[in-house]
$ cat work.tsv   # TSV, C-alpha atoms
chain	number	residue	atom	x	y	z
A	1288	MET	CA	-51.89	-26.57	-8.39
A	1289	SER	CA	-51.89	-30.35	-8.55
A	1290	LYS	CA	-48.16	-30.40	-7.82
A	1291	PHE	CA	-48.64	-28.13	-4.82
A	1292	ARG	CA	-51.46	-30.37	-3.53
A	1293	ASN	CA	-49.17	-33.40	-3.76
A	1294	THR	CA	-46.40	-31.53	-1.95
A	1295	VAL	CA	-48.75	-30.59	0.90
A	1296	MET	CA	-50.09	-34.13	1.14
A	1297	TRP	CA	-46.66	-35.78	1.23
A	1298	ALA	CA	-45.31	-33.17	3.64
A	1299	GLY	CA	-48.23	-33.87	5.95
A	1300	LEU	CA	-47.68	-37.63	5.81
A	1301	THR	CA	-43.96	-37.17	6.45
A	1302	LEU	CA	-44.64	-35.00	9.50
A	1303	ILE	CA	-47.15	-37.53	10.86
A	1304	ILE	CA	-44.63	-40.37	10.48
A	1305	ALA	CA	-42.01	-38.19	12.18
A	1306	LEU	CA	-44.48	-37.57	15.03
A	1307	ILE	CA	-44.89	-41.32	15.53
A	1308	PHE	CA	-41.14	-41.86	15.80
A	1309	LEU	CA	-40.76	-38.75	18.01
A	1310	SER	CA	-43.45	-40.07	20.38
A	1311	ILE	CA	-41.78	-43.50	20.61
A	1312	TYR	CA	-38.38	-41.95	21.21
A	1313	GLY	CA	-39.77	-39.57	23.86
A	1314	ALA	CA	-41.39	-42.48	25.71
A	1315	PHE	CA	-37.95	-43.97	26.37
A	1316	LEU	CA	-36.40	-40.70	27.55
A	1317	GLY	CA	-38.48	-40.21	30.68
A	1318	ALA	CA	-40.75	-37.28	31.52
A	1319	GLU	CA	-38.08	-34.68	32.28
A	1320	ARG	CA	-35.86	-35.30	29.25
A	1321	ALA	CA	-38.88	-35.69	26.95
A	1322	GLN	CA	-40.17	-32.30	28.09
A	1323	LYS	CA	-36.84	-30.68	27.25
A	1324	LEU	CA	-36.91	-32.38	23.85
A	1325	VAL	CA	-40.37	-31.19	22.81
A	1326	ASN	CA	-39.49	-27.64	23.93
A	1327	SER	CA	-36.17	-27.56	22.06
A	1328	LEU	CA	-35.72	-25.25	19.07
A	1329	PRO	CA	-35.64	-27.95	16.34
A	1330	VAL	CA	-38.82	-29.59	17.61
A	1331	SER	CA	-40.49	-26.17	18.01
A	1332	VAL	CA	-39.78	-25.55	14.31
A	1333	TYR	CA	-41.30	-28.98	13.62
A	1334	TRP	CA	-44.53	-28.07	15.50
A	1335	LEU	CA	-44.79	-24.77	13.61
A	1336	ALA	CA	-44.28	-26.56	10.28
A	1337	PHE	CA	-47.00	-29.05	11.24
A	1338	ILE	CA	-49.50	-26.26	11.91
A	1339	LEU	CA	-48.63	-24.53	8.62
A	1340	ILE	CA	-49.06	-27.77	6.65
A	1341	LEU	CA	-52.42	-28.48	8.29
A	1342	THR	CA	-53.57	-24.93	7.55
A	1343	ALA	CA	-52.35	-25.22	3.95
A	1344	GLY	CA	-54.31	-28.46	3.62
A	1345	LEU	CA	-57.53	-26.57	4.34
A	1346	ALA	CA	-56.75	-24.21	1.49
A	1347	VAL	CA	-55.84	-26.77	-1.19
A	1348	PHE	CA	-58.18	-29.63	-0.26
A	1349	ARG	CA	-61.61	-28.00	-0.37
A	1350	ARG	CA	-63.34	-31.22	0.71
A	1351	LEU	CA	-61.82	-30.72	4.16
A	1352	VAL	CA	-63.93	-27.58	4.43
A	1353	ARG	CA	-67.08	-28.86	2.74
A	1354	VAL	CA	-67.40	-32.06	4.81
A	1355	PRO	CA	-68.21	-31.10	8.42
A	1356	ALA	CA	-66.62	-34.19	10.00
A	1357	LEU	CA	-63.34	-33.70	8.16
A	1358	SER	CA	-63.37	-29.99	9.05
A	1359	LEU	CA	-63.77	-30.80	12.75
A	1360	ILE	CA	-60.95	-33.36	12.68
A	1361	HIS	CA	-58.62	-30.99	10.84
A	1362	PHE	CA	-59.40	-27.88	12.91
A	1363	GLY	CA	-59.19	-29.98	16.09
A	1364	CYS	CA	-55.62	-31.04	15.24
A	1365	VAL	CA	-54.67	-27.41	14.52
A	1366	LEU	CA	-56.09	-26.23	17.87
A	1367	ILE	CA	-54.33	-29.00	19.82
A	1368	LEU	CA	-50.96	-28.10	18.31
A	1369	ALA	CA	-51.53	-24.35	18.63
A	1370	GLY	CA	-52.64	-24.64	22.26
A	1371	SER	CA	-49.68	-26.85	23.14
A	1372	MET	CA	-47.23	-24.40	21.56
A	1373	TRP	CA	-48.89	-21.41	23.24
A	1374	GLY	CA	-48.57	-23.12	26.63
A	1375	SER	CA	-44.97	-24.28	26.12
A	1376	ASP	CA	-41.84	-22.63	27.55
A	1377	ALA	CA	-41.29	-20.81	24.26
A	1378	GLY	CA	-44.94	-19.73	24.20
A	1379	HIS	CA	-44.67	-18.25	27.69
A	1380	ARG	CA	-41.49	-16.39	26.74
A	1381	LEU	CA	-43.21	-15.03	23.64
A	1382	GLN	CA	-46.20	-13.83	25.69
A	1383	SER	CA	-43.83	-12.07	28.08
A	1384	GLN	CA	-41.95	-10.32	25.26
A	1385	LEU	CA	-44.97	-9.34	23.15
A	1386	PHE	CA	-47.74	-8.74	25.68
A	1387	GLY	CA	-45.98	-8.38	29.04
A	1388	ILE	CA	-47.76	-11.47	30.42
A	1389	ASP	CA	-45.27	-12.94	32.89
A	1390	LYS	CA	-46.90	-16.15	34.08
A	1391	VAL	CA	-45.22	-19.02	35.88
A	1392	ARG	CA	-45.33	-22.01	33.55
A	1393	THR	CA	-44.53	-24.62	36.19
A	1394	GLY	CA	-42.89	-24.65	39.60
A	1395	GLN	CA	-43.29	-25.59	43.25
A	1396	MET	CA	-44.46	-23.89	46.44
A	1397	VAL	CA	-43.57	-24.83	50.02
A	1398	ILE	CA	-46.17	-23.60	52.53
A	1399	TYR	CA	-46.06	-24.13	56.31
A	1400	GLU	CA	-49.19	-24.66	58.37
A	1401	GLY	CA	-50.78	-21.38	59.42
A	1402	HIS	CA	-48.69	-19.34	56.95
A	1403	SER	CA	-49.35	-17.68	53.59
A	1404	GLU	CA	-47.05	-17.83	50.58
A	1405	ASN	CA	-46.96	-16.40	47.04
A	1406	LEU	CA	-43.44	-17.36	45.94
A	1407	VAL	CA	-42.96	-20.11	43.35
A	1408	ALA	CA	-39.61	-21.82	42.77
A	1409	LEU	CA	-39.23	-22.52	39.06
A	1410	GLU	CA	-38.12	-25.88	37.73
A	1411	ASP	CA	-34.52	-24.77	37.26
A	1412	GLY	CA	-34.32	-24.22	41.03
A	1413	GLU	CA	-32.59	-20.86	40.56
A	1414	GLN	CA	-35.47	-18.47	39.88
A	1415	ILE	CA	-38.27	-17.36	42.17
A	1416	LYS	CA	-41.45	-15.69	40.90
A	1417	GLU	CA	-44.37	-14.12	42.70
A	1418	LEU	CA	-48.03	-14.92	42.18
A	1419	PRO	CA	-50.53	-12.01	42.19
A	1420	PHE	CA	-52.26	-13.65	45.17
A	1421	SER	CA	-51.26	-15.68	48.24
A	1422	ILE	CA	-52.09	-19.19	49.36
A	1423	LYS	CA	-52.56	-20.01	53.04
A	1424	LEU	CA	-52.20	-23.54	54.40
A	1425	LYS	CA	-54.80	-23.81	57.14
A	1426	ASP	CA	-54.08	-27.44	57.89
A	1427	PHE	CA	-52.24	-30.45	56.49
A	1428	ARG	CA	-53.19	-34.01	57.36
A	1429	LEU	CA	-52.41	-37.56	56.38
A	1430	GLU	CA	-55.19	-40.10	55.94
A	1431	HIS	CA	-54.45	-43.81	56.43
A	1432	TYR	CA	-56.11	-47.02	55.44
A	1433	LYS	CA	-58.15	-48.65	58.18
A	1434	PRO	CA	-57.54	-50.66	60.21
A	1435	GLU	CA	-53.99	-49.81	61.20
A	1436	TYR	CA	-51.79	-52.62	62.50
A	1437	LEU	CA	-49.34	-53.44	65.24
A	1438	ARG	CA	-46.81	-56.05	64.16
A	1439	VAL	CA	-45.72	-58.34	67.01
A	1440	GLN	CA	-42.72	-60.59	66.36
A	1441	THR	CA	-40.77	-62.94	68.63
A	1442	ARG	CA	-37.03	-63.41	68.54
A	1443	ASN	CA	-37.64	-66.82	66.94
A	1444	GLY	CA	-39.52	-65.30	64.00
A	1445	GLU	CA	-43.14	-65.97	65.01
A	1446	SER	CA	-45.34	-62.96	64.26
A	1447	TRP	CA	-48.87	-61.61	64.60
A	1448	LYS	CA	-50.67	-58.77	62.84
A	1449	VAL	CA	-52.78	-57.04	65.49
A	1450	PRO	CA	-55.47	-54.52	64.37
A	1451	VAL	CA	-55.17	-51.22	66.22
A	1452	GLU	CA	-58.30	-51.19	68.37
A	1453	VAL	CA	-57.84	-49.31	71.63
A	1454	GLY	CA	-58.84	-51.41	74.64
A	1455	THR	CA	-59.10	-54.73	72.76
A	1456	GLU	CA	-57.03	-57.61	74.14
A	1457	PHE	CA	-55.37	-59.84	71.52
A	1458	TYR	CA	-54.39	-63.42	72.45
A	1459	LEU	CA	-50.91	-64.52	71.29
A	1460	GLY	CA	-51.08	-68.11	72.48
A	1461	GLU	CA	-50.47	-69.93	75.73
A	1462	ASP	CA	-46.71	-69.48	75.44
A	1463	PHE	CA	-46.80	-65.69	74.99
A	1464	GLY	CA	-49.89	-64.31	76.72
A	1465	THR	CA	-51.83	-61.31	75.44
A	1466	VAL	CA	-51.23	-57.83	74.04
A	1467	THR	CA	-53.56	-54.86	74.58
A	1468	ILE	CA	-53.37	-51.45	72.88
A	1469	LEU	CA	-54.08	-48.93	75.63
A	1470	ARG	CA	-53.76	-45.64	73.71
A	1471	ALA	CA	-53.07	-44.34	70.20
A	1472	PHE	CA	-51.24	-41.04	69.69
A	1473	GLU	CA	-51.07	-38.79	66.63
A	1474	ASN	CA	-48.28	-36.71	68.17
A	1475	PHE	CA	-46.72	-38.46	71.12
A	1476	GLN	CA	-44.97	-36.08	73.53
A	1477	ILE	CA	-43.44	-36.68	76.92
A	1478	ARG	CA	-42.16	-34.25	79.53
A	1479	ILE	CA	-40.80	-34.53	83.04
A	1480	GLU	CA	-42.25	-32.38	85.83
A	1481	GLY	CA	-40.35	-33.03	89.03
A	1482	GLU	CA	-40.36	-36.80	89.40
A	1483	GLU	CA	-43.52	-37.22	87.35
A	1484	ARG	CA	-43.52	-38.31	83.70
A	1485	ILE	CA	-46.38	-36.80	81.70
A	1486	VAL	CA	-47.38	-38.25	78.32
A	1487	THR	CA	-49.63	-36.16	76.06
A	1488	ASP	CA	-51.07	-36.23	72.55
A	1489	GLU	CA	-50.95	-32.82	70.80
A	1490	PRO	CA	-51.75	-33.45	67.10
A	1491	GLN	CA	-51.89	-29.73	66.27
A	1492	SER	CA	-48.23	-29.11	67.09
A	1493	GLY	CA	-46.39	-31.94	65.36
A	1494	TYR	CA	-46.41	-35.46	63.97
A	1495	ASN	CA	-45.19	-38.42	66.01
A	1496	PRO	CA	-47.66	-41.36	65.79
A	1497	ALA	CA	-47.29	-43.93	68.55
A	1498	LEU	CA	-49.08	-46.63	70.51
A	1499	GLU	CA	-49.05	-47.47	74.20
A	1500	VAL	CA	-49.06	-51.27	74.45
A	1501	GLU	CA	-49.51	-53.57	77.44
A	1502	ILE	CA	-48.07	-57.09	77.28
A	1503	LYS	CA	-49.36	-59.62	79.79
A	1504	HIS	CA	-47.20	-62.74	80.05
A	1505	PRO	CA	-48.59	-66.19	80.91
A	1506	ASP	CA	-46.94	-65.99	84.36
A	1507	GLY	CA	-48.90	-62.83	85.16
A	1508	ASP	CA	-46.10	-60.31	84.61
A	1509	VAL	CA	-47.26	-57.10	82.87
A	1510	ALA	CA	-45.04	-54.84	80.78
A	1511	SER	CA	-45.94	-51.50	79.18
A	1512	ARG	CA	-44.23	-50.28	76.03
A	1513	TYR	CA	-44.48	-47.33	73.62
A	1514	VAL	CA	-44.26	-48.18	69.91
A	1515	PHE	CA	-43.40	-45.40	67.42
A	1516	GLU	CA	-44.27	-45.45	63.72
A	1517	ARG	CA	-41.36	-43.23	62.67
A	1518	PHE	CA	-38.76	-45.00	64.86
A	1519	PRO	CA	-39.33	-48.74	64.44
A	1520	GLY	CA	-37.08	-51.55	65.52
A	1521	HIS	CA	-36.19	-50.47	69.08
A	1522	ILE	CA	-36.28	-53.37	71.54
A	1523	HIS	CA	-35.27	-53.74	75.19
A	1524	PRO	CA	-32.67	-56.45	75.83
A	1525	GLU	CA	-35.06	-58.22	78.20
A	1526	ASP	CA	-38.02	-58.11	75.78
A	1527	GLU	CA	-39.03	-61.19	73.85
A	1528	PHE	CA	-41.10	-59.20	71.33
A	1529	LEU	CA	-40.22	-56.78	68.54
A	1530	LEU	CA	-43.11	-54.31	68.14
A	1531	ARG	CA	-43.76	-52.22	65.04
A	1532	TYR	CA	-46.52	-49.73	64.40
A	1533	HIS	CA	-47.52	-50.10	60.76
A	1534	ARG	CA	-49.76	-47.65	58.86
A	1535	ILE	CA	-50.29	-47.27	55.10
A	1536	ILE	CA	-50.92	-43.75	53.80
A	1537	ARG	CA	-54.12	-43.51	51.75
A	1538	ASP	CA	-54.04	-39.81	50.97
A	1539	TYR	CA	-52.59	-36.48	52.07
A	1540	VAL	CA	-54.76	-33.39	52.16
A	1541	SER	CA	-53.96	-29.67	52.24
A	1542	GLU	CA	-56.66	-27.25	53.37
A	1543	LEU	CA	-55.99	-24.07	51.39
A	1544	ASP	CA	-57.29	-20.50	51.32
A	1545	ILE	CA	-56.66	-18.13	48.40
A	1546	ILE	CA	-56.00	-14.64	49.75
A	1547	GLU	CA	-56.29	-11.59	47.51
A	1548	GLU	CA	-56.03	-8.03	48.88
A	1549	GLY	CA	-56.26	-9.38	52.41
A	1550	LYS	CA	-59.49	-11.31	51.79
A	1551	VAL	CA	-60.19	-15.01	51.35
A	1552	VAL	CA	-61.59	-15.30	47.81
A	1553	ALA	CA	-61.49	-19.09	47.40
A	1554	ALA	CA	-60.89	-22.21	49.48
A	1555	LYS	CA	-60.45	-25.90	48.78
A	1556	ASN	CA	-59.07	-29.08	50.31
A	1557	ILE	CA	-56.73	-30.45	47.67
A	1558	GLU	CA	-55.50	-34.03	47.42
A	1559	VAL	CA	-53.67	-36.11	44.86
A	1560	ASN	CA	-55.56	-35.83	41.52
A	1561	HIS	CA	-57.92	-33.21	43.00
A	1562	PRO	CA	-56.20	-29.86	42.37
A	1563	LEU	CA	-57.24	-26.30	43.09
A	1564	TYR	CA	-57.79	-24.01	40.10
A	1565	PHE	CA	-57.52	-20.24	40.52
A	1566	GLY	CA	-56.16	-17.23	38.65
A	1567	GLY	CA	-55.01	-19.14	35.59
A	1568	TYR	CA	-53.13	-21.80	37.58
A	1569	HIS	CA	-53.67	-25.37	38.74
A	1570	PHE	CA	-52.28	-26.25	42.19
A	1571	TYR	CA	-51.57	-29.95	42.69
A	1572	GLN	CA	-50.68	-31.80	45.88
A	1573	HIS	CA	-47.09	-32.81	45.12
A	1574	SER	CA	-45.30	-33.71	48.37
A	1575	TYR	CA	-45.20	-32.95	52.10
A	1576	ASP	CA	-43.04	-32.82	55.20
A	1577	ALA	CA	-42.52	-36.54	55.87
A	1578	GLU	CA	-40.67	-35.87	59.13
A	1579	ALA	CA	-43.06	-33.62	61.04
A	1580	GLY	CA	-46.05	-32.97	58.74
A	1581	GLN	CA	-45.63	-29.21	59.15
A	1582	TYR	CA	-45.63	-28.11	55.52
A	1583	THR	CA	-47.01	-29.05	52.12
A	1584	VAL	CA	-45.40	-28.90	48.68
A	1585	LEU	CA	-47.64	-27.80	45.80
A	1586	MET	CA	-46.98	-28.17	42.10
A	1587	VAL	CA	-47.99	-24.99	40.23
A	1588	THR	CA	-48.94	-25.27	36.55
A	1589	SER	CA	-50.14	-22.54	34.19
A	1590	ASP	CA	-53.36	-23.14	32.23
A	1591	THR	CA	-52.15	-21.13	29.21
A	1592	GLY	CA	-53.21	-22.85	26.00
A	1593	LEU	CA	-55.16	-25.52	27.86
A	1594	GLY	CA	-58.53	-24.22	26.65
A	1595	LEU	CA	-57.41	-24.51	23.02
A	1596	VAL	CA	-56.14	-28.05	23.61
A	1597	TYR	CA	-59.42	-29.14	25.24
A	1598	ALA	CA	-61.47	-27.54	22.45
A	1599	GLY	CA	-59.28	-29.27	19.86
A	1600	TYR	CA	-59.79	-32.68	21.46
A	1601	VAL	CA	-63.56	-32.16	21.61
A	1602	MET	CA	-63.64	-31.21	17.91
A	1603	LEU	CA	-61.39	-34.14	17.01
A	1604	CYS	CA	-63.54	-36.68	18.89
A	1605	VAL	CA	-66.82	-35.31	17.48
A	1606	GLY	CA	-65.36	-35.29	13.96
A	1607	VAL	CA	-64.14	-38.90	14.22
A	1608	LEU	CA	-67.48	-40.10	15.62
A	1609	TRP	CA	-69.35	-38.18	12.93
A	1610	GLN	CA	-67.20	-39.59	10.13
A	1611	LEU	CA	-67.13	-43.20	11.34
A	1612	TRP	CA	-70.53	-43.63	13.00
A	1613	PHE	CA	-73.01	-40.73	12.94
A	1614	ARG	CA	-72.78	-40.34	9.16
A	1615	GLY	CA	-73.80	-43.97	8.61
A	1616	VAL	CA	-76.61	-43.73	11.18
A	1617	PHE	CA	-78.03	-40.61	9.51
A	1618	ALA	CA	-77.74	-42.25	6.08
A	1619	ARG	CA	-79.71	-45.31	7.24
A	1620	MET	CA	-82.35	-43.12	8.88
A	1621	LYS	CA	-82.70	-41.14	5.66
A	1622	LEU	CA	-83.15	-44.34	3.61
A	1623	LYS	CA	-85.81	-45.64	6.02
A	1624	SER	CA	-87.73	-42.39	5.86
A	1625	LYS	CA	-87.83	-42.60	2.08

$ encode --input "work.tsv" --output "structure tokens"
Amino acid sequence: MSKFRNTVMWAGLTLIIALIFLSIYGAFLGAERAQKLVNSLPVSVYWLAFILILTAGLAVFRRLVRVPALSLIHFGCVLILAGSMWGSDAGHRLQSQLFGIDKVRTGQMVIYEGHSENLVALEDGEQIKELPFSIKLKDFRLEHYKPEYLRVQTRNGESWKVPVEVGTEFYLGEDFGTVTILRAFENFQIRIEGEERIVTDEPQSGYNPALEVEIKHPDGDVASRYVFERFPGHIHPEDEFLLRYHRIIRDYVSELDIIEEGKVVAAKNIEVNHPLYFGGYHFYQHSYDAEAGQYTVLMVTSDTGLGLVYAGYVMLCVGVLWQLWFRGVFARMKLKSK
């Protein structure tokens, strides 16, 4: 029995040391290659061996069961490993083969404004799977830091950073006059009707941010220009200024509805780091249509095994605190009471 205890102990230490080196090696591989590594067959065997050794430790080292703090630490590690394996690629394949549970582990969805979608493109880019419900994108919008700026630069390199405040006149100096922002557009559109040029702002039908700028020269001449965020750098040969509309994106938001059997059963505005959770999946804001702002790209991730992992971390943290701190506090309180 003593020999078996020593074998379990040394096997556990060896696996822990191997985990340290595996973690360091994975950190240099990058996220995508590291994910493939931890889901490979040899490493899957390693995780299974780790769980078996931890479980064997509970059987041969009875103190791990008798001392509550050590029990929590040990069981917490087992749950973290078990939950991670159950939520891995191999775990999802096993669930599909044994129980017929065919969940999407991870993938992406592209949804256009006003449309519903339930198809998920898997990471390999070759397979498409359906969700048992649909997601509708009611609206997608970009939010920018305030204030926004108009960059005014002369041909000689002098420049000014003008806050975008409609109607406010900004003085450029006695040699250059003033600049005034007359209008700000979220979706600049122009059409010709007869001999008349009509400029409109229709933010619901596209994405073309622009400014209408008036430049008043010291000699009294007035020039009007349109400055586009997505098409910077255009300058008339006779102009002495290069104008650029500069905005910094703060966040992008997708307004989503979850539709099941033709009814809206959930709704949420998701942003970066604020996902939607429904039906065993997390939906993260991943990307968007940078050209026209007409669609959003969601990252879909299964929650399989996540509950076990969270429970394991809670047990691990409580066990460590109990062993290193609470136990001493209770001991001192007991001595004082005596």

$ residues_around --input "work.tsv" --residues "region 1432-1435 of chain A" --least-positions-apart "5" --cutoff "12 Å" --atoms "only C-alpha atoms" --output "PyMOL selection string"
chain A and resi 1448-1453+1468+1471+1496-1498+1516+1531-1539

$ write_last_selection --input "work.tsv" --atoms "C-alpha atoms" --output "PDB file, in the frame of the given file"
ATOM      1  CA  LYS A1448     -50.670 -58.770  62.840  1.00  0.00           C
ATOM      2  CA  VAL A1449     -52.780 -57.040  65.490  1.00  0.00           C
ATOM      3  CA  PRO A1450     -55.470 -54.520  64.370  1.00  0.00           C
ATOM      4  CA  VAL A1451     -55.170 -51.220  66.220  1.00  0.00           C
ATOM      5  CA  GLU A1452     -58.300 -51.190  68.370  1.00  0.00           C
ATOM      6  CA  VAL A1453     -57.840 -49.310  71.630  1.00  0.00           C
ATOM      7  CA  ILE A1468     -53.370 -51.450  72.880  1.00  0.00           C
ATOM      8  CA  ALA A1471     -53.070 -44.340  70.200  1.00  0.00           C
ATOM      9  CA  PRO A1496     -47.660 -41.360  65.790  1.00  0.00           C
ATOM     10  CA  ALA A1497     -47.290 -43.930  68.550  1.00  0.00           C
ATOM     11  CA  LEU A1498     -49.080 -46.630  70.510  1.00  0.00           C
ATOM     12  CA  GLU A1516     -44.270 -45.450  63.720  1.00  0.00           C
ATOM     13  CA  ARG A1531     -43.760 -52.220  65.040  1.00  0.00           C
ATOM     14  CA  TYR A1532     -46.520 -49.730  64.400  1.00  0.00           C
ATOM     15  CA  HIS A1533     -47.520 -50.100  60.760  1.00  0.00           C
ATOM     16  CA  ARG A1534     -49.760 -47.650  58.860  1.00  0.00           C
ATOM     17  CA  ILE A1535     -50.290 -47.270  55.100  1.00  0.00           C
ATOM     18  CA  ILE A1536     -50.920 -43.750  53.800  1.00  0.00           C
ATOM     19  CA  ARG A1537     -54.120 -43.510  51.750  1.00  0.00           C
ATOM     20  CA  ASP A1538     -54.040 -39.810  50.970  1.00  0.00           C
ATOM     21  CA  TYR A1539     -52.590 -36.480  52.070  1.00  0.00           C
TER      22      TYR A1539
END

$ residues_around --input "work.tsv" --residues "region 1590-1593 of chain A" --least-positions-apart "5" --cutoff "8 Å" --atoms "all atoms listed in the file" --output "PyMOL selection string"
chain A and resi 1369-1374+1567-1569

$ residues_around --input "work.tsv" --residues "Ala1553 (chain A)" --least-positions-apart "4" --cutoff "8 Å" --atoms "all atoms listed in the file" --output "PyMOL selection string"
chain A and resi 1544-1546

$ closest_residue --input "work.tsv" --among "A:Val1584, A:Ala1577, A:Val1607, A:Leu1622" --to "Leu1429 (chain A)" --atoms "all atoms listed in the file"
A:Ala1577

$ atom_distance --input "work.tsv" --atom1 "CA of Pro1519 (chain A)" --atom2 "CA of Arg1484 (chain A)"
22.3 Å

$ residues_around --input "work.tsv" --residues "Ile1338 (chain A)" --least-positions-apart "4" --cutoff "8 Å" --atoms "all atoms listed in the file" --output "ChimeraX atom specification"
/A:1334,1342,1365,1368-1369

$ atom_distance --input "work.tsv" --atom1 "CA of Ala1343 (chain A)" --atom2 "CA of Gln1610 (chain A)"
21.6 Å

$ atom_distance --input "work.tsv" --atom1 "CA of Val1552 (chain A)" --atom2 "CA of Phe1420 (chain A)"
9.8 Å

$ closest_residue --input "work.tsv" --among "A:Leu1437, A:Phe1472, A:Tyr1582, A:Asn1405" --to "Ser1421 (chain A)" --atoms "only C-alpha atoms"
A:Asn1405

$ residues_around --input "work.tsv" --residues "Ser1331 (chain A)" --least-positions-apart "6" --cutoff "10 Å" --atoms "all atoms listed in the file" --output "list in words"
Leu1324, Val1325, Phe1337, Met1372, Ser1375, Ala1377 and Gly1378 of chain A

$ closest_residue --input "work.tsv" --among "A:Phe1362, A:Phe1565, A:Phe1348, A:Tyr1494" --to "Gly1580 (chain A)" --atoms "only C-alpha atoms"
A:Tyr1494

$ closest_residue --input "work.tsv" --among "A:Gly1394, A:Gly1363, A:Gly1444, A:Pro1505" --to "Val1601 (chain A)" --atoms "all atoms listed in the file"
A:Gly1363
